[in-house]
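Worksheet: one structure, shown below.
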Amino acid sequence: MKLQQTHMKVQEVSRDVWEIPVSEKDGMLVPARIYASPKILEEMDSGVFEQVTNVACLHGIQQYAICMPDGHWGYGFPIGGVAAFDQHHGIISPGGIGFDINCGMRLIRTNLTYDEVQPKMERLMTELFHQVPAGVGTKGLLRLNESEFKHLMRDGVDWCIANGYGWPQDRERIEEGGHLAGADSSKVSEKAIKRGIHQVGTLGSGNHYLEVQIVTDERIFDRRAAETFGLFGENQVVIMVHCGSRGFGHQVATDFLGVFEKAMKKYDLRVKDRQLACAPFKSPEGQDYFGAMLCAANSAFANRQVITHRIREAFSSIFQKSAESLGMEIVYDVAHNIAKVEPHTINGKRKDLVVHRKGATRAFGPGHPDVCAPYREIGQPVICGGSMETGSYLLVGTEKAVTETFGSTMHGSGRTMSRTAAKKKIRGADLKRRMEEKGIVIKAVSMSGLAEEAGMAYKDISDVVETVERCGITKKVAELRPVGNIKG
DNA sequence: ATGTGC
């Protein structure tokens, strides 16, 4: 089979789970594991195999270096990567988190059905396009001074709620309550503050988007879970947001890649690739980055919260009803570019690990104490964004994910075509027309930016979702079909 | 991903 020829070292350990065994010659400390159907594995860039092997060589790594089926080549670590390190003897690495710190997904429900929304779709999308600024370098509508921005990065969603950008009950349906403890604004550079201070409430560019979607009855796979998450089907309208910490998180990552390059000499840390720059987690440099990274993570939660507030205002103005009466509750909000200290069981022993998820989502199962009370019996919702042309999925975490993948799963569909290749092949205006023929209203800042995000530049999200379901690390709840998209 | 690129 061609598969074994291209990736000689890859062995199937169970259905759709592949392992690159420890090779001392390569300096691997643990095996690498790739979750993929044979088809997805075949089509994965070879860079992924090399990168996940490099990650398996990093100090203090536990059990396996993991790559999810939506994995592709990234900065140092693959996007779709999960790696957990011993907090006392292991490292933290910005490359394992990503430049867009706490890039994540949020899903908001409504009581509206598509019949009610469709006639007003054009006006609604125009209103959303004004309320939620998109594009590179765009400023938000919110004016903050430095002291307010520092409070925002320390308190995340709590700052937003205290300042009128959200409802008290929003907190519970956001990972970590939208407020990570330990954020230390004194570790954030002036440059990062300057870049981030006027970007709260903005979408950004690239694959970041705001999408109006519908939930149909036939695409609900787990009715009990869907109802617990507030989804009833019947062409119900929901809103999905994909964005992160904008220029602020990018600058924090850039600043500390520089700091870590020096720290690696100081601590005599050697890595396979310069992009794997890291520092011992408990070192002053590691802790400074962690404190600054948490500021960026809180700012991303706050960004999605302010965007939620604007979405509620837009719907309220178009439908002439309060957001409360439209039932615009948050379904959930997940981070998919972050590192967190979490307790996990390794060889029967409970210990705190620094879990890096880069293009991977936390997926705790039913009964887990860190799943919010209203969803605890069901498990944590996992929000996976597809490409604009296909659908997105709402999944739920499992006990098997907790024991096998440090409570993690996929995050989206994953690119198969580079941005430049996509731009050569697809014209943005053609794509817009094609999507509008399918009944999807598009508001885009840039046509070339739109072309980069064409469905054909991505893996089929259904293949990826089916893979994680067969592996047992998540279960399908519902598929969400796009009817309107805003992008930078 | 990103005040898009040394």
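In the structure tokens, chains take the letters A, B, ... in the order shown, each chain's residues start at 1, and ligands count up from 1 in the order shown.
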Discussion item. I need the chain A residues near chain B as JSON, numbers by chain; criterion: at most 7 Å, counting only C-alpha atoms (C1' of nucleotides).
Written reply: {"A": [99, 100, 137, 247, 250]}
Would you output that residue set with all heavy atoms, as a short mmCIF file (atom, residue, chain, number, x, y, z; two decimals), in the first residue's frame?
```cif
data_model
loop_
_atom_site.label_atom_id
_atom_site.label_comp_id
_atom_site.auth_asym_id
_atom_site.auth_seq_id
_atom_site.Cartn_x
_atom_site.Cartn_y
_atom_site.Cartn_z
N PHE A 99 0.43 31.73 16.97
CA PHE A 99 0.54 33.19 17.02
C PHE A 99 -0.78 33.80 17.46
O PHE A 99 -0.79 34.79 18.18
CB PHE A 99 0.93 33.75 15.64
CG PHE A 99 2.41 33.71 15.40
CD1 PHE A 99 3.02 32.59 14.85
CD2 PHE A 99 3.20 34.80 15.75
CE1 PHE A 99 4.39 32.56 14.64
CE2 PHE A 99 4.57 34.78 15.54
CZ PHE A 99 5.16 33.65 14.98
N ASP A 100 -1.88 33.23 17.01
CA ASP A 100 -3.17 33.79 17.40
C ASP A 100 -3.62 33.12 18.69
O ASP A 100 -4.40 32.15 18.68
CB ASP A 100 -4.20 33.62 16.29
CG ASP A 100 -5.49 34.38 16.60
OD1 ASP A 100 -5.51 35.12 17.61
OD2 ASP A 100 -6.46 34.22 15.84
N GLY A 137 -5.82 44.82 10.45
CA GLY A 137 -5.52 46.13 11.05
C GLY A 137 -6.73 46.99 11.39
O GLY A 137 -6.57 48.17 11.71
N GLY A 247 -3.88 41.45 16.77
CA GLY A 247 -2.47 41.85 16.80
C GLY A 247 -1.85 41.72 18.18
O GLY A 247 -0.63 41.57 18.32
N HIS A 250 -0.57 38.17 18.72
CA HIS A 250 0.51 38.01 17.75
C HIS A 250 1.79 38.65 18.28
O HIS A 250 2.88 38.07 18.19
CB HIS A 250 0.10 38.65 16.42
CG HIS A 250 1.01 38.33 15.29
ND1 HIS A 250 2.17 39.03 15.04
CD2 HIS A 250 0.95 37.36 14.34
CE1 HIS A 250 2.77 38.51 13.97
NE2 HIS A 250 2.04 37.49 13.55
#
```
List the spatial neighbours of A:Ala83 as a short mmCIF file (atom, residue, chain, number, x, y, z; two decimals) with N, CA, C and O atoms, in the first residue's frame - criterion: any atom at most 6 Å away, only C-alpha atoms (C1' of nucleotides), same-chain residues fewer than 6 positions off excluded.
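Full text of out.cif as output:
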```cif
data_model
loop_
_atom_site.label_atom_id
_atom_site.label_comp_id
_atom_site.auth_asym_id
_atom_site.auth_seq_id
_atom_site.Cartn_x
_atom_site.Cartn_y
_atom_site.Cartn_z
N ALA A 65 3.06 12.63 21.52
CA ALA A 65 2.83 13.88 20.77
C ALA A 65 1.70 13.54 19.81
O ALA A 65 1.77 12.54 19.10
N VAL A 355 -0.86 21.45 29.18
CA VAL A 355 -1.42 20.90 27.93
C VAL A 355 -1.45 22.00 26.86
O VAL A 355 -2.08 23.04 27.05
N HIS A 356 -0.70 21.76 25.78
CA HIS A 356 -0.70 22.69 24.64
C HIS A 356 -1.72 22.18 23.62
O HIS A 356 -1.64 21.03 23.20
#
```
Check the DSSP output for the backbone and give back, as a compact mmCIF listing (two decimals) with all heavy atoms, in the first residue's frame, the residues of stretch 180-233 of chain A in alpha helix (DSSP H).
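To be explicit, this is the file written out as selection21.txt:
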```txt
# COMPACT_ATOMS: atom_id res chain seq x y z
N GLU A 190 4.71 47.12 25.80
CA GLU A 190 3.99 48.32 25.37
C GLU A 190 3.54 48.18 23.91
O GLU A 190 2.46 48.64 23.53
CB GLU A 190 4.89 49.56 25.50
CG GLU A 190 4.96 50.12 26.92
CD GLU A 190 3.59 50.51 27.50
OE1 GLU A 190 2.77 51.10 26.76
OE2 GLU A 190 3.34 50.21 28.68
N LYS A 191 4.39 47.53 23.13
CA LYS A 191 4.09 47.34 21.70
C LYS A 191 2.83 46.48 21.53
O LYS A 191 1.98 46.79 20.69
CB LYS A 191 5.30 46.66 21.04
CG LYS A 191 5.33 46.80 19.54
CD LYS A 191 6.66 46.26 19.00
CE LYS A 191 6.68 46.29 17.48
NZ LYS A 191 7.93 45.71 16.96
N ALA A 192 2.74 45.42 22.35
CA ALA A 192 1.56 44.54 22.28
C ALA A 192 0.31 45.33 22.66
O ALA A 192 -0.74 45.21 22.03
CB ALA A 192 1.74 43.33 23.17
N ILE A 193 0.42 46.16 23.70
CA ILE A 193 -0.72 46.97 24.16
C ILE A 193 -1.14 47.94 23.05
O ILE A 193 -2.32 48.07 22.74
CB ILE A 193 -0.38 47.71 25.48
CG1 ILE A 193 -0.28 46.69 26.61
CG2 ILE A 193 -1.42 48.80 25.79
CD1 ILE A 193 0.24 47.22 27.93
N LYS A 194 -0.15 48.56 22.43
CA LYS A 194 -0.43 49.53 21.37
C LYS A 194 -1.18 48.85 20.20
O LYS A 194 -2.11 49.41 19.66
CB LYS A 194 0.90 50.14 20.88
CG LYS A 194 0.74 51.35 20.01
CD LYS A 194 2.05 52.13 19.89
CE LYS A 194 1.92 53.30 18.93
NZ LYS A 194 2.22 52.96 17.55
N ARG A 195 -0.76 47.63 19.87
CA ARG A 195 -1.42 46.93 18.75
C ARG A 195 -2.82 46.46 19.11
O ARG A 195 -3.68 46.37 18.24
CB ARG A 195 -0.58 45.73 18.32
CG ARG A 195 0.60 46.10 17.46
CD ARG A 195 1.39 44.88 17.02
NE ARG A 195 0.67 44.08 16.04
CZ ARG A 195 1.18 43.01 15.43
NH1 ARG A 195 2.42 42.63 15.72
NH2 ARG A 195 0.48 42.34 14.56
N GLY A 196 -3.01 46.12 20.40
CA GLY A 196 -4.29 45.48 20.79
C GLY A 196 -5.38 46.40 21.29
O GLY A 196 -6.56 46.07 21.21
N ARG A 223 -30.29 14.25 19.81
CA ARG A 223 -31.32 15.21 20.16
C ARG A 223 -31.26 15.65 21.63
O ARG A 223 -31.44 16.82 21.94
CB ARG A 223 -32.72 14.66 19.80
CG ARG A 223 -33.80 15.72 19.86
CD ARG A 223 -34.95 15.50 18.92
NE ARG A 223 -34.74 15.94 17.55
CZ ARG A 223 -34.91 17.19 17.11
NH1 ARG A 223 -35.23 18.16 17.95
NH2 ARG A 223 -34.75 17.49 15.85
N ARG A 224 -30.92 14.71 22.49
CA ARG A 224 -30.84 15.05 23.92
C ARG A 224 -29.74 16.09 24.16
O ARG A 224 -29.96 17.11 24.82
CB ARG A 224 -30.57 13.79 24.74
CG ARG A 224 -30.45 14.05 26.23
CD ARG A 224 -30.45 12.77 27.04
NE ARG A 224 -30.04 13.04 28.39
CZ ARG A 224 -28.91 12.59 28.94
NH1 ARG A 224 -28.08 11.83 28.25
NH2 ARG A 224 -28.63 12.88 30.19
N ALA A 225 -28.57 15.86 23.57
CA ALA A 225 -27.46 16.81 23.72
C ALA A 225 -27.83 18.14 23.08
O ALA A 225 -27.63 19.21 23.67
CB ALA A 225 -26.20 16.24 23.10
N ALA A 226 -28.40 18.09 21.87
CA ALA A 226 -28.76 19.33 21.15
C ALA A 226 -29.73 20.16 22.00
O ALA A 226 -29.54 21.37 22.15
CB ALA A 226 -29.38 18.99 19.80
N GLU A 227 -30.74 19.50 22.57
CA GLU A 227 -31.72 20.24 23.36
C GLU A 227 -31.09 20.83 24.62
O GLU A 227 -31.41 21.95 25.01
CB GLU A 227 -32.94 19.36 23.67
CG GLU A 227 -33.88 19.35 22.47
CD GLU A 227 -35.01 18.33 22.56
OE1 GLU A 227 -35.20 17.73 23.64
OE2 GLU A 227 -35.70 18.15 21.52
N THR A 228 -30.18 20.09 25.23
CA THR A 228 -29.46 20.62 26.40
C THR A 228 -28.66 21.87 26.01
O THR A 228 -28.55 22.81 26.78
CB THR A 228 -28.52 19.53 26.97
OG1 THR A 228 -29.28 18.36 27.22
CG2 THR A 228 -27.85 20.00 28.25
```
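Of note, atom CA of A:Tyr267 and atom CA of A:Ala297 are spaced 26.8 Å apart.
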Item to complete: Write out as a PyMOL selection string each polymer residue whose atoms come within 12 Å of A:Arg246, counting only C-alpha atoms (C1' of nucleotides); drop sequence neighbours fewer than 3 positions from it.
Response: (chain A and resi 98-104+134-140+192-206+208+242-243+249-253+296-297+299-304) or (chain B and resi 1-3)
Worksheet item: Which is closest to A:Leu142 among A:Met105, A:Ala263, A:Ile34, A:Val306, if we use only C-alpha atoms?
Response: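 Looking only at the distances to A:Leu142, the closest residue turns out to be A:Val306.
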Item to complete: Skip A:Val477 itself and residues of its chain fewer than 4 positions away, then list as a PyMOL selection string all residues within 10 Å of it, counting only C-alpha atoms (C1' of nucleotides).
Response: chain A and resi 219-227+229+231+381-382+393-396
Practice prompt. Just give me the gap between atom CA of A:Trp73 and atom CA of A:Phe281 in Å, one decimal is fine.
Written response: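 Interatomic distance here is 24.6 Å.
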Worksheet item: In Å, with one decimal, what is the gap from atom CA of A:Lys340 to atom CA of A:Ala32?
Response: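 Computed distance, atom CA of A:Lys340 to atom CA of A:Ala32, equals 20.6 Å.
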